[in-house]
$ cat upload-v2.cif   # mmCIF, C-alpha atoms
data_start
loop_
_atom_site.label_atom_id
_atom_site.label_comp_id
_atom_site.auth_asym_id
_atom_site.auth_seq_id
_atom_site.Cartn_x
_atom_site.Cartn_y
_atom_site.Cartn_z
CA MET D 610 170.78 -37.42 19.37
CA ALA D 611 167.79 -37.71 17.03
CA TYR D 612 164.84 -35.55 18.08
CA ASP D 613 161.17 -35.85 17.11
CA PHE D 614 161.22 -32.17 16.10
CA ASP D 615 163.77 -29.49 15.38
CA LEU D 616 161.44 -26.88 16.90
CA PHE D 617 158.53 -27.38 19.27
CA VAL D 618 156.39 -24.24 19.69
CA ILE D 619 154.09 -23.89 22.68
CA GLY D 620 151.31 -21.47 21.77
CA ALA D 621 149.61 -20.84 18.42
CA GLY D 622 149.29 -17.09 18.73
CA SER D 623 150.74 -14.57 16.29
CA GLY D 624 154.38 -15.03 17.30
CA GLY D 625 154.27 -18.79 17.66
CA VAL D 626 152.52 -19.35 14.34
CA ARG D 627 154.92 -17.04 12.52
CA ALA D 628 157.97 -18.81 13.97
CA ALA D 629 156.54 -22.25 13.21
CA ARG D 630 155.52 -21.49 9.63
CA PHE D 631 158.79 -19.95 8.61
CA ALA D 632 160.91 -22.52 10.42
CA ALA D 633 159.05 -25.24 8.53
CA GLY D 634 159.54 -23.26 5.33
CA PHE D 635 163.28 -23.24 6.03
CA GLY D 636 163.25 -27.04 6.18
CA ALA D 637 162.88 -27.65 9.92
CA LYS D 638 160.60 -30.30 11.38
CA VAL D 639 158.17 -28.31 13.52
CA ALA D 640 155.30 -28.94 15.94
CA VAL D 641 152.92 -26.46 17.53
CA ALA D 642 150.81 -27.18 20.62
CA GLU D 643 147.78 -25.04 21.47
CA SER D 644 145.24 -25.70 24.23
CA ARG D 645 142.79 -22.85 23.58
CA TYR D 646 142.33 -21.22 20.20
CA LEU D 647 144.35 -20.74 17.07
CA GLY D 648 145.52 -17.18 16.54
CA GLY D 649 146.03 -16.40 20.21
CA THR D 650 144.83 -13.33 22.06
CA CYS D 651 144.89 -11.02 19.04
CA VAL D 652 142.56 -13.03 16.84
CA ASN D 653 140.22 -14.34 19.53
CA VAL D 654 139.99 -11.92 22.47
CA GLY D 655 142.17 -9.00 21.43
CA CYS D 656 142.95 -6.79 18.47
CA VAL D 657 140.62 -8.30 15.88
CA PRO D 658 137.31 -8.63 17.75
CA LYS D 659 138.02 -5.37 19.58
CA LYS D 660 138.43 -3.52 16.29
CA LEU D 661 135.19 -5.04 15.01
CA LEU D 662 133.40 -3.74 18.11
CA VAL D 663 135.04 -0.34 17.64
CA TYR D 664 133.68 -0.24 14.08
CA GLY D 665 130.25 -1.02 15.50
CA ALA D 666 130.51 1.79 18.04
CA HIS D 667 131.59 4.25 15.32
CA VAL D 668 128.32 3.74 13.46
CA ALA D 669 126.64 5.93 16.08
CA ASP D 670 128.93 8.79 15.04
CA GLU D 671 128.08 8.29 11.37
CA LEU D 672 124.38 8.37 12.14
CA GLU D 673 124.79 11.56 14.15
CA GLN D 674 126.70 13.25 11.33
CA ALA D 675 124.36 12.10 8.56
CA ALA D 676 121.85 14.93 8.93
CA GLY D 677 124.49 17.51 8.08
CA PHE D 678 124.93 15.83 4.70
CA GLY D 679 121.23 15.80 3.90
CA TRP D 680 120.32 12.34 5.12
CA THR D 681 117.09 11.84 7.05
CA LEU D 682 117.22 8.57 8.95
CA GLU D 683 114.77 6.77 11.15
CA GLU D 684 115.92 6.32 14.71
CA GLY D 685 118.49 3.53 14.67
CA HIS D 686 118.28 0.39 16.78
CA PHE D 687 121.38 -1.48 17.88
CA ASP D 688 121.32 -5.22 18.58
CA TRP D 689 124.29 -6.50 20.59
CA GLY D 690 123.49 -10.14 19.84
CA THR D 691 123.77 -9.60 16.10
CA LEU D 692 127.13 -7.87 16.42
CA ILE D 693 128.55 -10.62 18.65
CA ALA D 694 127.23 -13.41 16.41
CA ASN D 695 128.77 -11.80 13.34
CA LYS D 696 132.02 -11.26 15.24
CA ASN D 697 132.08 -14.91 16.28
CA ARG D 698 131.60 -16.04 12.71
CA GLU D 699 134.54 -13.94 11.56
CA ILE D 700 136.77 -15.25 14.35
CA GLU D 701 135.90 -18.83 13.41
CA ARG D 702 136.88 -18.03 9.82
CA LEU D 703 140.23 -16.68 11.01
CA ASN D 704 140.78 -19.74 13.22
CA GLY D 705 140.41 -21.86 10.09
CA ILE D 706 142.89 -19.69 8.21
CA TYR D 707 145.48 -20.10 10.98
CA ARG D 708 144.93 -23.86 10.95
CA ASN D 709 145.47 -23.99 7.19
CA LEU D 710 148.56 -21.79 7.40
CA LEU D 711 150.15 -24.22 9.83
CA VAL D 712 149.10 -27.48 8.23
CA ASN D 713 149.88 -26.33 4.69
CA SER D 714 153.34 -25.29 5.88
CA GLY D 715 154.04 -28.84 7.01
CA VAL D 716 153.74 -28.07 10.72
CA THR D 717 152.40 -30.77 13.06
CA LEU D 718 149.50 -29.22 14.99
CA LEU D 719 148.81 -30.70 18.43
CA GLN D 720 145.67 -29.47 20.17
CA GLY D 721 146.13 -29.83 23.89
CA HIS D 722 148.00 -28.38 26.86
CA ALA D 723 151.77 -28.60 26.52
CA ARG D 724 154.00 -28.98 29.54
CA ILE D 725 157.78 -28.96 29.47
CA THR D 726 159.12 -32.05 31.19
CA GLY D 727 162.81 -31.61 30.47
CA ALA D 728 165.34 -29.48 28.64
CA ASN D 729 164.37 -31.08 25.32
CA GLU D 730 161.05 -32.72 26.10
CA VAL D 731 157.40 -31.63 26.01
CA GLU D 732 154.32 -33.56 27.06
CA VAL D 733 150.93 -33.01 25.38
CA GLU D 734 147.89 -34.94 26.58
CA GLY D 735 150.08 -37.73 27.99
CA GLN D 736 152.26 -38.06 24.88
CA ARG D 737 155.91 -37.00 25.12
CA TYR D 738 157.88 -35.41 22.30
CA SER D 739 161.57 -34.54 22.08
CA ALA D 740 162.79 -31.35 20.41
CA ARG D 741 166.14 -29.74 19.70
CA HIS D 742 164.63 -26.31 20.44
CA ILE D 743 161.53 -25.41 22.46
CA LEU D 744 159.89 -22.02 21.87
CA ILE D 745 157.55 -20.61 24.51
CA ALA D 746 154.95 -18.28 22.96
CA THR D 747 152.08 -18.63 25.42
CA GLY D 748 151.21 -14.92 25.64
CA GLY D 749 149.55 -13.08 28.48
CA TRP D 750 146.37 -13.25 30.52
CA PRO D 751 144.31 -10.43 32.08
CA GLN D 752 144.41 -10.14 35.84
CA VAL D 753 142.02 -8.61 38.36
CA PRO D 754 143.27 -7.20 41.69
CA ASP D 755 142.63 -9.40 44.69
CA ILE D 756 139.69 -7.52 46.21
CA PRO D 757 136.47 -8.81 47.79
CA GLY D 758 134.03 -9.58 45.00
CA LYS D 759 136.68 -9.87 42.25
CA GLU D 760 134.81 -12.91 40.88
CA LEU D 761 131.92 -10.57 39.98
CA ALA D 762 134.10 -8.57 37.58
CA ILE D 763 134.91 -9.41 33.97
CA THR D 764 137.96 -8.83 31.77
CA SER D 765 138.46 -8.46 28.04
CA ASN D 766 138.30 -12.27 27.77
CA GLU D 767 134.65 -12.32 28.85
CA ALA D 768 133.59 -8.98 27.34
CA PHE D 769 133.55 -10.42 23.82
CA TYR D 770 131.01 -13.05 24.84
CA LEU D 771 128.52 -11.09 26.95
CA LYS D 772 124.98 -12.24 26.21
CA GLN D 773 123.69 -8.68 26.16
CA LEU D 774 125.02 -5.14 26.32
CA PRO D 775 125.07 -3.99 29.97
CA ARG D 776 123.05 -0.87 30.68
CA ARG D 777 125.63 0.55 33.12
CA VAL D 778 129.35 -0.26 32.91
CA LEU D 779 132.27 0.59 35.17
CA VAL D 780 135.59 0.26 33.33
CA VAL D 781 138.59 0.11 35.67
CA GLY D 782 142.08 0.90 34.40
CA GLY D 783 144.18 3.56 32.73
CA GLY D 784 145.84 1.72 29.86
CA TYR D 785 144.82 1.53 26.24
CA ILE D 786 142.55 -1.51 26.74
CA ALA D 787 140.51 0.34 29.37
CA VAL D 788 140.22 3.44 27.21
CA GLU D 789 139.23 1.44 24.13
CA PHE D 790 136.54 -0.58 25.89
CA ALA D 791 135.14 2.49 27.60
CA GLY D 792 134.66 3.95 24.11
CA ILE D 793 133.11 0.73 22.82
CA PHE D 794 130.58 0.42 25.63
CA GLN D 795 129.66 4.09 25.51
CA GLY D 796 129.48 4.20 21.72
CA LEU D 797 127.10 1.24 21.68
CA GLY D 798 124.78 2.92 24.16
CA ALA D 799 125.85 1.86 27.66
CA ASP D 800 126.08 4.39 30.49
CA THR D 801 129.84 4.17 30.99
CA THR D 802 132.24 5.34 33.68
CA LEU D 803 136.02 4.99 33.47
CA LEU D 804 137.83 4.74 36.81
CA TYR D 805 141.59 5.13 37.08
CA ARG D 806 143.66 5.27 40.25
CA GLY D 807 146.15 7.79 38.78
CA ASP D 808 145.89 11.45 37.81
CA LEU D 809 145.52 10.84 34.06
CA PHE D 810 145.22 7.73 31.89
CA LEU D 811 147.60 6.39 29.19
CA ARG D 812 150.81 6.76 31.19
CA GLY D 813 153.79 6.70 28.82
CA PHE D 814 151.98 8.41 25.96
CA ASP D 815 152.72 12.01 24.99
CA GLY D 816 151.30 14.51 27.47
CA SER D 817 149.49 16.52 24.80
CA VAL D 818 147.84 13.34 23.52
CA ARG D 819 146.67 12.29 26.97
CA THR D 820 145.21 15.69 27.80
CA HIS D 821 143.57 16.11 24.39
CA LEU D 822 141.92 12.69 24.53
CA LYS D 823 140.62 13.38 28.03
CA GLU D 824 138.97 16.58 26.79
CA GLU D 825 137.42 14.87 23.76
CA LEU D 826 136.08 11.95 25.79
CA GLN D 827 134.50 14.38 28.23
CA LYS D 828 132.85 16.20 25.31
CA ARG D 829 131.30 12.87 24.34
CA GLY D 830 129.84 12.49 27.81
CA LEU D 831 132.10 9.72 29.08
CA ASP D 832 132.29 9.87 32.88
CA LEU D 833 136.01 10.01 33.71
CA GLN D 834 136.94 9.54 37.37
CA PHE D 835 140.65 9.83 38.14
CA ASN D 836 142.34 9.14 41.48
CA ALA D 837 139.57 6.60 42.05
CA ASP D 838 139.80 2.88 42.77
CA ILE D 839 137.44 0.10 43.84
CA GLN D 840 137.78 -1.41 47.28
CA ARG D 841 135.13 -4.11 46.97
CA ILE D 842 132.30 -5.32 44.71
CA ASP D 843 128.98 -6.68 45.99
CA LYS D 844 126.03 -8.17 44.17
CA LEU D 845 122.63 -6.76 45.12
CA GLU D 846 119.32 -8.59 45.27
CA ASP D 847 118.19 -7.18 41.92
CA GLY D 848 121.31 -8.60 40.25
CA SER D 849 123.10 -5.28 39.87
CA LEU D 850 126.58 -4.65 41.25
CA LYS D 851 127.66 -2.16 43.88
CA ALA D 852 131.25 -0.96 43.71
CA THR D 853 132.53 0.61 46.90
CA LEU D 854 135.42 2.95 46.21
CA LYS D 855 138.40 3.50 48.48
CA ASP D 856 137.15 7.02 49.17
CA GLY D 857 133.87 5.59 50.50
CA ARG D 858 131.66 6.41 47.51
CA GLU D 859 129.37 3.75 46.08
CA LEU D 860 128.66 3.28 42.37
CA LEU D 861 126.01 1.01 40.87
CA ALA D 862 126.56 -0.91 37.65
CA ASP D 863 125.44 -3.96 35.72
CA CYS D 864 129.00 -4.80 34.68
CA VAL D 865 132.41 -4.08 36.20
CA PHE D 866 135.13 -4.47 33.57
CA TYR D 867 138.78 -4.64 34.68
CA ALA D 868 141.66 -3.73 32.40
CA THR D 869 144.41 -3.32 34.97
CA GLY D 870 147.23 -5.29 33.45
CA ARG D 871 148.16 -8.69 32.04
CA ARG D 872 150.41 -11.39 33.43
CA PRO D 873 152.50 -13.91 31.49
CA MET D 874 150.61 -17.17 30.90
CA LEU D 875 152.94 -19.68 32.59
CA ASP D 876 150.31 -21.86 34.29
CA ASN D 877 151.34 -25.51 34.49
CA LEU D 878 154.01 -24.92 31.85
CA GLY D 879 156.60 -27.01 33.68
CA LEU D 880 159.27 -24.32 33.99
CA GLU D 881 160.34 -25.93 37.26
CA ASN D 882 161.72 -28.76 35.13
CA THR D 883 164.04 -26.40 33.29
CA GLY D 884 166.69 -23.80 33.94
CA VAL D 885 164.40 -21.00 32.71
CA GLU D 886 164.50 -17.93 34.95
CA LEU D 887 161.95 -15.15 35.35
CA ASP D 888 162.69 -11.44 35.61
CA PRO D 889 161.57 -9.39 38.66
CA ARG D 890 158.20 -8.69 36.98
CA GLY D 891 157.49 -12.39 36.48
CA PHE D 892 158.13 -12.54 32.73
CA ILE D 893 160.53 -15.02 31.14
CA ARG D 894 164.06 -13.65 31.08
CA VAL D 895 165.63 -13.74 27.60
CA ASP D 896 168.67 -12.24 25.92
CA GLU D 897 168.71 -10.23 22.69
CA GLN D 898 168.21 -13.41 20.66
CA TYR D 899 165.21 -14.60 22.75
CA GLN D 900 167.33 -17.26 24.41
CA THR D 901 166.24 -18.10 27.94
CA THR D 902 168.64 -19.16 30.67
CA ALA D 903 168.07 -22.76 29.51
CA PRO D 904 170.17 -23.39 26.36
CA SER D 905 167.49 -25.32 24.45
CA ILE D 906 164.53 -23.05 25.29
CA LEU D 907 163.54 -19.71 23.73
CA ALA D 908 160.62 -17.34 24.36
CA ILE D 909 158.94 -14.53 22.43
CA GLY D 910 155.89 -12.27 22.55
CA ASP D 911 153.88 -11.10 25.54
CA VAL D 912 155.38 -13.79 27.76
CA ILE D 913 158.74 -11.95 27.77
CA GLY D 914 157.12 -8.60 28.61
CA ARG D 915 158.95 -6.33 26.18
CA VAL D 916 156.71 -4.55 23.67
CA GLN D 917 153.38 -6.34 23.93
CA LEU D 918 152.04 -5.77 20.43
CA THR D 919 151.04 -8.33 17.81
CA PRO D 920 153.34 -7.04 15.04
CA VAL D 921 156.25 -7.14 17.47
CA ALA D 922 155.54 -10.79 18.31
CA LEU D 923 155.42 -11.51 14.57
CA ALA D 924 158.82 -9.88 14.10
CA GLU D 925 160.27 -11.80 17.05
CA GLY D 926 158.93 -15.10 15.70
CA MET D 927 160.48 -14.36 12.32
CA ALA D 928 163.80 -13.50 13.95
CA VAL D 929 163.89 -16.80 15.87
CA ALA D 930 163.07 -18.86 12.79
CA ARG D 931 165.76 -17.15 10.75
CA ARG D 932 168.46 -17.34 13.42
CA LEU D 933 167.91 -21.05 14.03
CA PHE D 934 167.27 -22.29 10.52
CA LYS D 935 168.25 -19.58 8.00
CA PRO D 936 171.02 -17.61 9.72
CA GLU D 937 172.13 -15.88 6.53
CA GLN D 938 168.77 -14.04 6.55
CA TYR D 939 168.82 -13.20 10.26
CA ARG D 940 168.50 -9.63 11.40
CA PRO D 941 167.56 -8.47 14.90
CA VAL D 942 164.24 -6.85 15.68
CA ASP D 943 164.45 -3.06 15.83
CA TYR D 944 162.39 -1.84 18.78
CA GLN D 945 162.91 1.83 17.93
CA ASN D 946 160.14 3.87 16.32
CA ILE D 947 157.41 1.23 16.52
CA PRO D 948 154.14 2.80 15.28
CA THR D 949 151.10 2.03 17.37
CA ALA D 950 147.46 3.00 17.63
CA VAL D 951 144.90 3.17 20.39
CA PHE D 952 141.40 2.60 19.01
CA SER D 953 139.77 5.00 21.40
CA GLN D 954 137.07 7.37 20.16
CA PRO D 955 138.65 9.46 18.75
CA PRO D 956 141.64 7.17 18.07
CA ILE D 957 145.34 7.78 18.75
CA GLY D 958 148.25 7.16 16.41
CA THR D 959 151.82 7.56 17.62
CA VAL D 960 155.37 6.74 16.58
CA GLY D 961 158.74 7.74 18.01
CA LEU D 962 159.56 9.72 21.12
CA THR D 963 157.05 11.65 23.19
CA GLU D 964 157.96 15.22 24.12
CA GLU D 965 158.72 14.03 27.63
CA GLN D 966 160.97 11.20 26.44
CA ALA D 967 162.85 13.48 24.07
CA LEU D 968 163.59 15.97 26.84
CA GLU D 969 164.58 13.20 29.24
CA ALA D 970 167.00 11.86 26.61
CA GLY D 971 168.70 15.26 26.47
CA HIS D 972 167.36 16.52 23.15
CA LYS D 973 166.76 20.21 22.61
CA VAL D 974 163.34 20.07 21.02
CA GLN D 975 161.03 22.12 18.89
CA ILE D 976 157.35 21.27 19.22
CA PHE D 977 154.86 21.72 16.40
CA GLU D 978 151.23 21.27 17.37
CA SER D 979 147.99 21.78 15.51
CA ARG D 980 144.42 21.42 16.72
CA PHE D 981 141.60 21.73 14.23
CA ARG D 982 138.05 20.67 13.50
CA ALA D 983 138.02 18.02 10.79
CA MET D 984 136.51 19.02 7.44
CA LYS D 985 133.93 16.25 7.72
CA LEU D 986 132.49 17.88 10.83
CA THR D 987 132.04 21.37 9.33
CA LEU D 988 128.53 20.52 8.12
CA THR D 989 127.55 19.22 11.56
CA ASP D 990 127.25 20.62 15.06
CA ILE D 991 129.96 18.30 16.39
CA GLN D 992 132.86 20.22 17.93
CA GLU D 993 135.45 17.43 18.14
CA LYS D 994 139.01 18.58 17.51
CA THR D 995 141.89 16.66 15.95
CA LEU D 996 145.40 16.96 17.43
CA MET D 997 148.60 16.56 15.44
CA LYS D 998 152.05 16.98 16.94
CA LEU D 999 155.65 16.73 15.83
CA VAL D 1000 158.61 16.48 18.21
CA VAL D 1001 161.76 17.72 16.41
CA ASP D 1002 165.41 17.79 17.46
CA ALA D 1003 166.29 21.49 17.34
CA GLU D 1004 169.96 20.79 16.55
CA THR D 1005 169.71 18.08 13.86
CA ASP D 1006 166.20 18.90 12.53
CA LYS D 1007 165.40 15.19 12.79
CA VAL D 1008 161.77 14.34 13.54
CA LEU D 1009 161.82 12.39 16.79
CA GLY D 1010 158.11 11.73 17.23
CA CYS D 1011 154.74 12.04 15.50
CA HIS D 1012 151.50 11.97 17.48
CA MET D 1013 147.86 12.27 16.51
CA VAL D 1014 144.42 12.10 18.07
CA GLY D 1015 141.63 12.06 15.52
CA PRO D 1016 139.85 10.03 12.83
CA ASP D 1017 142.03 7.52 10.96
CA ALA D 1018 145.01 8.19 13.25
CA GLY D 1019 146.17 4.58 13.04
CA GLU D 1020 146.03 4.59 9.24
CA ILE D 1021 147.92 7.86 8.97
CA ILE D 1022 150.65 7.04 11.48
CA GLN D 1023 151.73 3.90 9.59
CA GLY D 1024 153.22 5.96 6.73
CA LEU D 1025 154.90 8.31 9.17
CA GLY D 1026 156.48 5.29 10.84
CA ILE D 1027 158.40 4.65 7.62
CA ALA D 1028 159.54 8.27 7.55
CA LEU D 1029 160.88 8.11 11.10
CA LYS D 1030 162.53 4.74 10.47
CA ALA D 1031 164.30 6.37 7.52
CA GLY D 1032 165.47 9.29 9.69
CA ALA D 1033 163.38 12.03 8.08
CA THR D 1034 164.00 15.66 9.02
CA LYS D 1035 161.47 18.42 9.55
CA GLN D 1036 162.73 20.04 6.35
CA GLN D 1037 161.86 16.85 4.45
CA PHE D 1038 158.39 16.89 6.00
CA ASP D 1039 158.05 20.53 4.90
CA ASP D 1040 159.25 19.73 1.38
CA THR D 1041 156.66 16.96 0.98
CA ILE D 1042 153.56 18.08 -0.89
CA GLY D 1043 150.38 17.31 0.99
CA VAL D 1044 147.34 15.42 -0.24
CA HIS D 1045 144.50 17.94 -0.27
CA PRO D 1046 141.98 18.08 1.27
CA THR D 1047 142.93 15.57 3.97
CA ALA D 1048 143.72 15.70 7.65
CA ALA D 1049 147.02 13.93 6.98
CA GLU D 1050 148.40 16.93 5.06
CA GLU D 1051 148.63 18.82 8.35
CA PHE D 1052 151.72 16.78 9.19
CA VAL D 1053 153.57 18.38 6.25
CA THR D 1054 152.17 21.90 6.60
CA MET D 1055 152.96 22.73 10.24
CA ARG D 1056 155.46 25.57 9.98
CA THR D 1057 155.21 27.50 13.25
CA VAL D 1058 156.99 26.29 16.37
CA THR D 1059 154.48 25.98 19.18
CA ARG D 1060 157.14 25.96 21.87
#
$ encode --input "upload-v2.cif" --output "structure tokens"
Amino acid sequence: MAYDFDLFVIGAGSGGVRAARFAAGFGAKVAVAESRYLGGTCVNVGCVPKKLLVYGAHVADELEQAAGFGWTLEEGHFDWGTLIANKNREIERLNGIYRNLLVNSGVTLLQGHARITGANEVEVEGQRYSARHILIATGGWPQVPDIPGKELAITSNEAFYLKQLPRRVLVVGGGYIAVEFAGIFQGLGADTTLLYRGDLFLRGFDGSVRTHLKEELQKRGLDLQFNADIQRIDKLEDGSLKATLKDGRELLADCVFYATGRRPMLDNLGLENTGVELDPRGFIRVDEQYQTTAPSILAIGDVIGRVQLTPVALAEGMAVARRLFKPEQYRPVDYQNIPTAVFSQPPIGTVGLTEEQALEAGHKVQIFESRFRAMKLTLTDIQEKTLMKLVVDAETDKVLGCHMVGPDAGEIIQGLGIALKAGATKQQFDDTIGVHPTAAEEFVTMRTVTR
């Protein structure tokens, strides 16, 4: 049978665009349908604008440290509207780049909601298209618990478009998005409280990292409230919000920001017209080659609920394009030792196993930890400490995990990700000459086993 397209991609986020571009480059006839914005969550309401806001929040730190280096500055004034306008302009520029990447690759771009109407058929704005392969790359969507007053809360989607910086913010959640936005709001001058229903945020990260970040955030004056959750939200006559907690306490705020998880974006996708099955968590079930339970349909990225990171979606998109249209270049995605960063303040960089994971996996471990005050802070009164940690297999000397909390953690951890991917040992770390004076050299100068 002749099809309109060899590959029809639903969703122009990072993974979908990567799959489409490379499939077209391999000679396939490709279409992409997108109903919202080019670049997906990452470019529009995720990684990119968030990092720009983090940069903005960090300026307050630079101003505070300036006096120690001889600078006398007038009292700074922050304007939220200017930051958001500049952010919007940059996002529009990136949208244009994504459009050009697709069109210049020979991909047919369809702007509208795509709905699957059959095993090999997709409908966009009333027009039906046939395709040999359909790739679902629709990403995720933030969700707010079903509590009274939930409509008064915002998520990361709305936070990037607030008309003004709220004076008082309640951030609800214990994942990296909650921690990052709490730092953004506080760094830009809002009175910020972070509520989390568990004992300690960032579940799944190394225990030393979680504890160290908690201590540093408290030093900065961030109000951390653990084992706390909101029961209802009410709007008061003056326009402010009252959050009633499950323990009966009441907190007042101008903004309640929820970062309590994301669901797969499957709304009106037409999966009922296919043999696609979902897993118990509600994500699309796929095999190791991103094949769904329907032979002609594949899925990648956040919608399959594996590792929900932009670079992972890019790798999955590349893998699909190669397997379908350039099989001699195909290689599976390696989900081991994926470096990642949390742009908290101070930031986290991590790659490999946590201490807890290493022990659970049966490794006999040696732990090397170092806490120190960064050189840049020695001319200031700021007492922030950096944490660096290595998890080492005591029997093979292989470095199992590298973890850091401190300035430039994300930049530093990228290079260590290569080392772990290559199977580096602690002896090889020790034999590497450090770059002096830097914080990064601490990773190759830790000699004493902490425990």
$ closest_residue --input "upload-v2.cif" --among "D:Thr650, D:Thr995, D:Thr691, D:Gln975" --to "Thr963 in chain D" --atoms "all atoms listed in the file"
D:Gln975
$ resolve_selection --input "upload-v2.cif" --expression "the PyMOL selection byres ((chain D and resi 926-928) around 12)" --output "compact mmCIF listing (two decimals) with C-alpha atoms, in the frame of the given file"
# COMPACT_ATOMS: atom_id res chain seq x y z
CA VAL D 618 156.39 -24.24 19.69
CA GLY D 620 151.31 -21.47 21.77
CA ALA D 621 149.61 -20.84 18.42
CA GLY D 622 149.29 -17.09 18.73
CA SER D 623 150.74 -14.57 16.29
CA GLY D 624 154.38 -15.03 17.30
CA GLY D 625 154.27 -18.79 17.66
CA VAL D 626 152.52 -19.35 14.34
CA ARG D 627 154.92 -17.04 12.52
CA ALA D 628 157.97 -18.81 13.97
CA ALA D 629 156.54 -22.25 13.21
CA ARG D 630 155.52 -21.49 9.63
CA PHE D 631 158.79 -19.95 8.61
CA ALA D 632 160.91 -22.52 10.42
CA ALA D 633 159.05 -25.24 8.53
CA GLY D 634 159.54 -23.26 5.33
CA PHE D 635 163.28 -23.24 6.03
CA LEU D 744 159.89 -22.02 21.87
CA ILE D 745 157.55 -20.61 24.51
CA ALA D 746 154.95 -18.28 22.96
CA GLU D 897 168.71 -10.23 22.69
CA GLN D 898 168.21 -13.41 20.66
CA TYR D 899 165.21 -14.60 22.75
CA GLN D 900 167.33 -17.26 24.41
CA LEU D 907 163.54 -19.71 23.73
CA ALA D 908 160.62 -17.34 24.36
CA ILE D 909 158.94 -14.53 22.43
CA GLY D 910 155.89 -12.27 22.55
CA ASP D 911 153.88 -11.10 25.54
CA THR D 919 151.04 -8.33 17.81
CA PRO D 920 153.34 -7.04 15.04
CA VAL D 921 156.25 -7.14 17.47
CA ALA D 922 155.54 -10.79 18.31
CA LEU D 923 155.42 -11.51 14.57
CA ALA D 924 158.82 -9.88 14.10
CA GLU D 925 160.27 -11.80 17.05
CA VAL D 929 163.89 -16.80 15.87
CA ALA D 930 163.07 -18.86 12.79
CA ARG D 931 165.76 -17.15 10.75
CA ARG D 932 168.46 -17.34 13.42
CA LEU D 933 167.91 -21.05 14.03
CA PHE D 934 167.27 -22.29 10.52
CA LYS D 935 168.25 -19.58 8.00
CA PRO D 936 171.02 -17.61 9.72
CA GLU D 937 172.13 -15.88 6.53
CA GLN D 938 168.77 -14.04 6.55
CA TYR D 939 168.82 -13.20 10.26
CA ARG D 940 168.50 -9.63 11.40
CA PRO D 941 167.56 -8.47 14.90
CA VAL D 942 164.24 -6.85 15.68
CA ASP D 943 164.45 -3.06 15.83
$ closest_residue --input "upload-v2.cif" --among "D:Val657, D:Val1058, D:Leu962, D:Val885" --to "Leu1029 in chain D" --atoms "all atoms listed in the file"
D:Leu962
$ residues_around --input "upload-v2.cif" --residues "Val1044 in chain D" --least-positions-apart "5" --cutoff "12 Å" --atoms "only C-alpha atoms" --output "short mmCIF file (atom, residue, chain, number, x, y, z; two decimals) with C-alpha atoms, keeping the file's coordinate frame"
data_model
loop_
_atom_site.label_atom_id
_atom_site.label_comp_id
_atom_site.auth_asym_id
_atom_site.auth_seq_id
_atom_site.Cartn_x
_atom_site.Cartn_y
_atom_site.Cartn_z
CA ILE D 1021 147.92 7.86 8.97
CA ALA D 1049 147.02 13.93 6.98
CA GLU D 1050 148.40 16.93 5.06
CA GLU D 1051 148.63 18.82 8.35
CA PHE D 1052 151.72 16.78 9.19
CA VAL D 1053 153.57 18.38 6.25
CA THR D 1054 152.17 21.90 6.60
#
$ resolve_selection --input "upload-v2.cif" --expression "the PyMOL selection byres ((chain D and resi 788) around 9)" --output "PyMOL selection string"
chain D and resi 780+782-787+789-793+803+810-811+868+951-954
$ closest_residue --input "upload-v2.cif" --among "D:Arg724, D:Lys659, D:Arg708, D:Arg737" --to "Asp613 in chain D" --atoms "all atoms listed in the file"
D:Arg737
$ atom_distance --input "upload-v2.cif" --atom1 "CA of Trp680 in chain D" --atom2 "CA of Thr987 in chain D"
15.4 Å
$ closest_atom_pairs --input "upload-v2.cif" --of "range 818-896 of chain D" --to "range 759-770 of chain D" --cutoff "12 Å" --atoms "all atoms listed in the file" --output "JSON lines"
{"residue": "D:Ile839", "atom": "CA", "partner": "D:Lys759", "partner_atom": "CA", "distance": 10.1}
{"residue": "D:Gln840", "atom": "CA", "partner": "D:Lys759", "partner_atom": "CA", "distance": 9.9}
{"residue": "D:Arg841", "atom": "CA", "partner": "D:Lys759", "partner_atom": "CA", "distance": 7.6}
{"residue": "D:Ile842", "atom": "CA", "partner": "D:Lys759", "partner_atom": "CA", "distance": 6.8}
{"residue": "D:Asp843", "atom": "CA", "partner": "D:Leu761", "partner_atom": "CA", "distance": 7.7}
{"residue": "D:Lys844", "atom": "CA", "partner": "D:Leu761", "partner_atom": "CA", "distance": 7.6}
{"residue": "D:Leu845", "atom": "CA", "partner": "D:Leu761", "partner_atom": "CA", "distance": 11.3}
{"residue": "D:Gly848", "atom": "CA", "partner": "D:Leu761", "partner_atom": "CA", "distance": 10.8}
{"residue": "D:Ser849", "atom": "CA", "partner": "D:Leu761", "partner_atom": "CA", "distance": 10.3}
{"residue": "D:Leu850", "atom": "CA", "partner": "D:Leu761", "partner_atom": "CA", "distance": 8.1}
{"residue": "D:Lys851", "atom": "CA", "partner": "D:Leu761", "partner_atom": "CA", "distance": 10.2}
{"residue": "D:Ala852", "atom": "CA", "partner": "D:Ala762", "partner_atom": "CA", "distance": 10.2}
{"residue": "D:Ala862", "atom": "CA", "partner": "D:Ala762", "partner_atom": "CA", "distance": 10.7}
{"residue": "D:Asp863", "atom": "CA", "partner": "D:Ala762", "partner_atom": "CA", "distance": 10.0}
{"residue": "D:Cys864", "atom": "CA", "partner": "D:Ala762", "partner_atom": "CA", "distance": 7.0}
{"residue": "D:Val865", "atom": "CA", "partner": "D:Ala762", "partner_atom": "CA", "distance": 5.0}
{"residue": "D:Phe866", "atom": "CA", "partner": "D:Ile763", "partner_atom": "CA", "distance": 5.0}
{"residue": "D:Tyr867", "atom": "CA", "partner": "D:Thr764", "partner_atom": "CA", "distance": 5.2}
{"residue": "D:Ala868", "atom": "CA", "partner": "D:Thr764", "partner_atom": "CA", "distance": 6.3}
{"residue": "D:Thr869", "atom": "CA", "partner": "D:Thr764", "partner_atom": "CA", "distance": 9.1}
{"residue": "D:Gly870", "atom": "CA", "partner": "D:Thr764", "partner_atom": "CA", "distance": 10.1}
{"residue": "D:Arg871", "atom": "CA", "partner": "D:Thr764", "partner_atom": "CA", "distance": 10.2}
